[in-house]
Each structure stands twice: as structure tokens, then as C-alpha cells.
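*Asks:* For reference, the structure I am asking about is given below.
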Amino acid sequence: MDDDGGLVKRAKGGDLRAAEELFSRHQSGAYTAALRLLGEKADAEDVTQDALVKAYTRLSDLAEGASFGGWLRRIAVNLSLNALRRRGILRFEPLEGLGGGGDEEAAPREFIDDRQQTPEDEALNAALRDEVERLIRRLPAEQRVAVVLRDMYGYDVAEIAELQRCGLSAAKMRIKRGRAHLRRLLSEAPKPELVAV
């Protein structure tokens, strides 16, 4: 099986099978990003299809050695944000300086610890991941986008501010409020349990 770099090179040369293999490998990542941002399956499916078409037609723009999966996901993120903007779901503030300064948010955290786990731990963690995904969709759009970009995809605050067309302080506040809202929703949600078989 070819690595992504080899497939990209072949796809850029017109090999349709290589392009199909690339899209098959990475479309679920693009779909997941779109679903997390948009919250609706049908919308996420539409954005994913648009992202695949855009990636195929702009494949020559992908820098040599760059991650195809990350590039495709970034396209899906941008298309998702555009969809939210068109619907007026995201409100924008005037751009402030996007330079550094101030306290940067902490690095992205994993929701679940990756230490050695028992099958029971893995089952509970899978249930918790599913619950977190469900609850993230309940966040207001501005908070959902900020939390997903920061905590799930590792975007820095300046990138989030640029993508949401708001100032750094507004981006930080959206992350902070989104995290607090998500914690509140998690604390109110019933805790997943294993059912003995």
C-alpha cells in the first residue's frame, strides 16, 4: 500500500485510482471536522463533498511533503466556517491586531487519557467520547467552532481569531465560555455505565 506522499504524486500526475485512494483514506476526517463545526449530518456531508471536489481541482496547490489529510481537513474547516457565515450563525467583530501578547490558552488537551487501559476503560471512554461529541453540537456556534478548533484540532488562538474574524480577546473568551459550557453540560449529563452481559 502506498503512503500518502506517493499517492499525492501519482494523483497530481493524473492517476485517478491514486486520487480515489487518498480521498477514501481521508474523507472521514474532513466529514468529522465539518460535523463538529456545523452540527448537522446533512450539512457536513455537503461540505465534505465540496471539500473533496475542491481538493481534487486544487491538488496542484498542495505543497510537496505537506499532509494531505491535514490539508483536506483545513479545506473542510474553511468551507464549514463559510457556511456558518452565510447563514449568519457566526457573528463577527472587527479584527484587532492578531499579534501575540497576553496569555495564550493552554495547549490542546486530550479528553481521554491514553495510559494502558482495560477493555472496560476503553468501552467507557468510547461512550464518553460519543457523549462529548453529542454535547459539543449543543454549544452555541461561536463557542462550538472555537472549542473544536482549539481543543480538537490544535489551532492557536490567533488562527481561531482570524478564522472567526474576531479579535484575540474575543477568541479567547469564546474558547473559555465554550469550555465552561461544555463542562456544565457534561456535569449534567448521565454518566455512561457498562452493562453486564
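A note on labels: chains of the C-alpha cells are A, B, ... as shown, every chain counts residues from 1, and ligands are counted from 1 in their shown order.
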Which neighbours of Ala76 of chain A fall inside 12 Å, counting only C-alpha atoms, when residues of the same chain fewer than 5 positions from it are skipped, and could you give them as a PDB file with N, CA and C atoms, in the first residue's frame?
*Replies:*
ATOM      1  N   HIS A  26      -9.056   9.718   3.662  1.00  0.00           N
ATOM      2  CA  HIS A  26      -9.133  10.950   4.445  1.00  0.00           C
ATOM      3  C   HIS A  26     -10.485  11.649   4.471  1.00  0.00           C
ATOM      4  N   GLN A  27     -11.468  11.153   3.738  1.00  0.00           N
ATOM      5  CA  GLN A  27     -12.739  11.866   3.734  1.00  0.00           C
ATOM      6  C   GLN A  27     -13.433  11.810   5.087  1.00  0.00           C
ATOM      7  N   SER A  28     -13.217  10.753   5.871  1.00  0.00           N
ATOM      8  CA  SER A  28     -13.876  10.693   7.182  1.00  0.00           C
ATOM      9  C   SER A  28     -13.342  11.788   8.116  1.00  0.00           C
ATOM     10  N   GLY A  29     -12.053  12.126   8.009  1.00  0.00           N
ATOM     11  CA  GLY A  29     -11.510  13.216   8.819  1.00  0.00           C
ATOM     12  C   GLY A  29     -12.121  14.558   8.445  1.00  0.00           C
ATOM     13  N   ALA A  30     -12.321  14.768   7.146  1.00  0.00           N
ATOM     14  CA  ALA A  30     -12.958  16.007   6.683  1.00  0.00           C
ATOM     15  C   ALA A  30     -14.414  16.051   7.141  1.00  0.00           C
ATOM     16  N   TYR A  31     -15.100  14.909   7.041  1.00  0.00           N
ATOM     17  CA  TYR A  31     -16.500  14.838   7.466  1.00  0.00           C
ATOM     18  C   TYR A  31     -16.621  15.116   8.972  1.00  0.00           C
ATOM     19  N   THR A  32     -15.748  14.502   9.767  1.00  0.00           N
ATOM     20  CA  THR A  32     -15.792  14.694  11.212  1.00  0.00           C
ATOM     21  C   THR A  32     -15.588  16.159  11.566  1.00  0.00           C
ATOM     22  N   ALA A  33     -14.619  16.812  10.913  1.00  0.00           N
ATOM     23  CA  ALA A  33     -14.380  18.235  11.174  1.00  0.00           C
ATOM     24  C   ALA A  33     -15.618  19.060  10.831  1.00  0.00           C
ATOM     25  N   ALA A  34     -16.224  18.791   9.681  1.00  0.00           N
ATOM     26  CA  ALA A  34     -17.419  19.529   9.259  1.00  0.00           C
ATOM     27  C   ALA A  34     -18.578  19.283  10.221  1.00  0.00           C
ATOM     28  N   LEU A  35     -18.757  18.037  10.636  1.00  0.00           N
ATOM     29  CA  LEU A  35     -19.858  17.716  11.550  1.00  0.00           C
ATOM     30  C   LEU A  35     -19.659  18.404  12.896  1.00  0.00           C
ATOM     31  N   ARG A  36     -18.431  18.400  13.387  1.00  0.00           N
ATOM     32  CA  ARG A  36     -18.171  19.056  14.668  1.00  0.00           C
ATOM     33  C   ARG A  36     -18.453  20.548  14.598  1.00  0.00           C
ATOM     34  N   LEU A  37     -18.168  21.161  13.470  1.00  0.00           N
ATOM     35  CA  LEU A  37     -18.376  22.601  13.343  1.00  0.00           C
ATOM     36  C   LEU A  37     -19.818  22.962  13.009  1.00  0.00           C
ATOM     37  N   LEU A  38     -20.442  22.184  12.136  1.00  0.00           N
ATOM     38  CA  LEU A  38     -21.789  22.518  11.670  1.00  0.00           C
ATOM     39  C   LEU A  38     -22.884  21.909  12.532  1.00  0.00           C
ATOM     40  N   ASP A  43     -25.563  18.752   6.453  1.00  0.00           N
ATOM     41  CA  ASP A  43     -24.676  19.875   6.133  1.00  0.00           C
ATOM     42  C   ASP A  43     -23.227  19.407   6.044  1.00  0.00           C
ATOM     43  N   ALA A  44     -22.830  18.542   6.975  1.00  0.00           N
ATOM     44  CA  ALA A  44     -21.459  18.033   6.984  1.00  0.00           C
ATOM     45  C   ALA A  44     -21.179  17.200   5.739  1.00  0.00           C
ATOM     46  N   GLU A  45     -22.161  16.427   5.300  1.00  0.00           N
ATOM     47  CA  GLU A  45     -21.983  15.632   4.082  1.00  0.00           C
ATOM     48  C   GLU A  45     -21.803  16.537   2.861  1.00  0.00           C
ATOM     49  N   ASP A  46     -22.599  17.600   2.789  1.00  0.00           N
ATOM     50  CA  ASP A  46     -22.473  18.548   1.674  1.00  0.00           C
ATOM     51  C   ASP A  46     -21.102  19.212   1.670  1.00  0.00           C
ATOM     52  N   VAL A  47     -20.667  19.669   2.833  1.00  0.00           N
ATOM     53  CA  VAL A  47     -19.367  20.328   2.936  1.00  0.00           C
ATOM     54  C   VAL A  47     -18.245  19.355   2.591  1.00  0.00           C
ATOM     55  N   THR A  48     -18.368  18.118   3.035  1.00  0.00           N
ATOM     56  CA  THR A  48     -17.335  17.119   2.730  1.00  0.00           C
ATOM     57  C   THR A  48     -17.229  16.899   1.230  1.00  0.00           C
ATOM     58  N   GLN A  49     -18.363  16.788   0.553  1.00  0.00           N
ATOM     59  CA  GLN A  49     -18.328  16.621  -0.901  1.00  0.00           C
ATOM     60  C   GLN A  49     -17.684  17.839  -1.579  1.00  0.00           C
ATOM     61  N   ASP A  50     -18.055  19.025  -1.109  1.00  0.00           N
ATOM     62  CA  ASP A  50     -17.446  20.242  -1.661  1.00  0.00           C
ATOM     63  C   ASP A  50     -15.938  20.262  -1.413  1.00  0.00           C
ATOM     64  N   ALA A  51     -15.530  19.821  -0.221  1.00  0.00           N
ATOM     65  CA  ALA A  51     -14.095  19.796   0.119  1.00  0.00           C
ATOM     66  C   ALA A  51     -13.346  18.811  -0.774  1.00  0.00           C
ATOM     67  N   LEU A  52     -13.950  17.661  -1.045  1.00  0.00           N
ATOM     68  CA  LEU A  52     -13.305  16.666  -1.910  1.00  0.00           C
ATOM     69  C   LEU A  52     -13.136  17.213  -3.328  1.00  0.00           C
ATOM     70  N   VAL A  53     -14.182  17.862  -3.836  1.00  0.00           N
ATOM     71  CA  VAL A  53     -14.110  18.441  -5.182  1.00  0.00           C
ATOM     72  C   VAL A  53     -13.041  19.527  -5.226  1.00  0.00           C
ATOM     73  N   LYS A  54     -13.051  20.403  -4.215  1.00  0.00           N
ATOM     74  CA  LYS A  54     -12.072  21.494  -4.189  1.00  0.00           C
ATOM     75  C   LYS A  54     -10.653  20.934  -4.081  1.00  0.00           C
ATOM     76  N   ALA A  55     -10.469  19.911  -3.242  1.00  0.00           N
ATOM     77  CA  ALA A  55      -9.140  19.315  -3.089  1.00  0.00           C
ATOM     78  C   ALA A  55      -8.680  18.694  -4.406  1.00  0.00           C
ATOM     79  N   GLY A  69      -4.073  14.712   4.507  1.00  0.00           N
ATOM     80  CA  GLY A  69      -5.204  14.659   5.434  1.00  0.00           C
ATOM     81  C   GLY A  69      -5.436  15.981   6.146  1.00  0.00           C
ATOM     82  N   GLY A  70      -4.355  16.610   6.610  1.00  0.00           N
ATOM     83  CA  GLY A  70      -4.477  17.908   7.270  1.00  0.00           C
ATOM     84  C   GLY A  70      -4.956  18.988   6.323  1.00  0.00           C
ATOM     85  N   TRP A  71      -4.462  18.950   5.079  1.00  0.00           N
ATOM     86  CA  TRP A  71      -4.864  19.922   4.063  1.00  0.00           C
ATOM     87  C   TRP A  71      -6.349  19.776   3.738  1.00  0.00           C
ATOM     88  N   LEU A  81     -16.867  26.996   8.025  1.00  0.00           N
ATOM     89  CA  LEU A  81     -16.972  28.354   8.555  1.00  0.00           C
ATOM     90  C   LEU A  81     -17.674  29.280   7.566  1.00  0.00           C
ATOM     91  N   ASN A  82     -17.390  29.098   6.274  1.00  0.00           N
ATOM     92  CA  ASN A  82     -18.088  29.899   5.255  1.00  0.00           C
ATOM     93  C   ASN A  82     -19.583  29.632   5.288  1.00  0.00           C
ATOM     94  N   ALA A  83     -19.966  28.359   5.462  1.00  0.00           N
ATOM     95  CA  ALA A  83     -21.392  28.014   5.531  1.00  0.00           C
ATOM     96  C   ALA A  83     -22.046  28.672   6.742  1.00  0.00           C
TER      97      ALA A  83
END
*Asks:* Quick one: pull the distance between atom CA of Ala180 of chain A and atom CA of Gly154 of chain A, Å, one decimal.
*Replies:*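 So the two atoms, atom CA of Ala180 of chain A and atom CA of Gly154 of chain A, lie 18.1 Å apart.
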*Asks:* So the first atom is atom CA of Val157 of chain A and the second is atom CA of Arg177 of chain A; what is the distance between them in Å, to one decimal place?
*Replies:*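 So the two atoms, atom CA of Val157 of chain A and atom CA of Arg177 of chain A, lie 14.0 Å apart.
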*Asks:* Determine, counting only C-alpha atoms, which protein, DNA and RNA residues have an atom within 8 Å of an atom of Leu135 of chain A; residues of the same chain fewer than 6 positions away are not included. Present the result as a PyMOL selection string.
*Replies:* chain A and resi 182+185-186
*Asks:* Just to be explicit: take each residue in the selection above, keep N, CA and C atoms, and write the result as a PDB file, in the first residue's frame.
*Replies:*
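Here's the written file selection.pdb:
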ATOM      1  N   LEU A 182     -19.383  23.463  28.004  1.00  0.00           N
ATOM      2  CA  LEU A 182     -19.239  22.022  27.786  1.00  0.00           C
ATOM      3  C   LEU A 182     -19.075  21.289  29.115  1.00  0.00           C
ATOM      4  N   LEU A 185     -22.484  21.080  30.663  1.00  0.00           N
ATOM      5  CA  LEU A 185     -23.299  20.056  30.004  1.00  0.00           C
ATOM      6  C   LEU A 185     -22.852  18.655  30.389  1.00  0.00           C
ATOM      7  N   LEU A 186     -21.536  18.454  30.480  1.00  0.00           N
ATOM      8  CA  LEU A 186     -21.014  17.136  30.874  1.00  0.00           C
ATOM      9  C   LEU A 186     -21.395  16.783  32.301  1.00  0.00           C
TER      10      LEU A 186
END
*Asks:* I need the residue nearest Arg74 of chain A from this list: A:Leu16, A:Tyr155, A:Val132, A:Ser24. Use only C-alpha atoms for the distance.
*Replies:*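 Comparing A:Leu16, A:Tyr155, A:Val132, A:Ser24 against Arg74 of chain A, the winner is A:Tyr155.
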*Asks:* Need the shell around Asp4 of chain A: protein/DNA/RNA residues with any atom at most 12 Å away, counting only C-alpha atoms. Skip same-chain ones fewer than 4 positions apart. Format as a list of chain:residue names?
*Replies:*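 Near neighbours after the sequence-gap exclusion: A:Val8, A:Lys9, A:Arg10, A:Ala11, A:Lys12, A:Ala18, A:Ala19, A:Glu20, A:Glu21, A:Leu22, A:Phe23, A:Ser24, A:Arg25, A:His26, A:Glu64, A:Gly65, A:Ala66, A:Ser67, A:Phe68, A:Gly69, A:Gly70, A:Trp71.
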*Asks:* Choose the residue, out of A:Arg134, A:Arg58, A:Arg150, A:Arg73, that has the smallest atom-to-atom separation from Lys176 of chain A; count only C-alpha atoms.
*Replies:*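 Closest candidate: A:Arg150.
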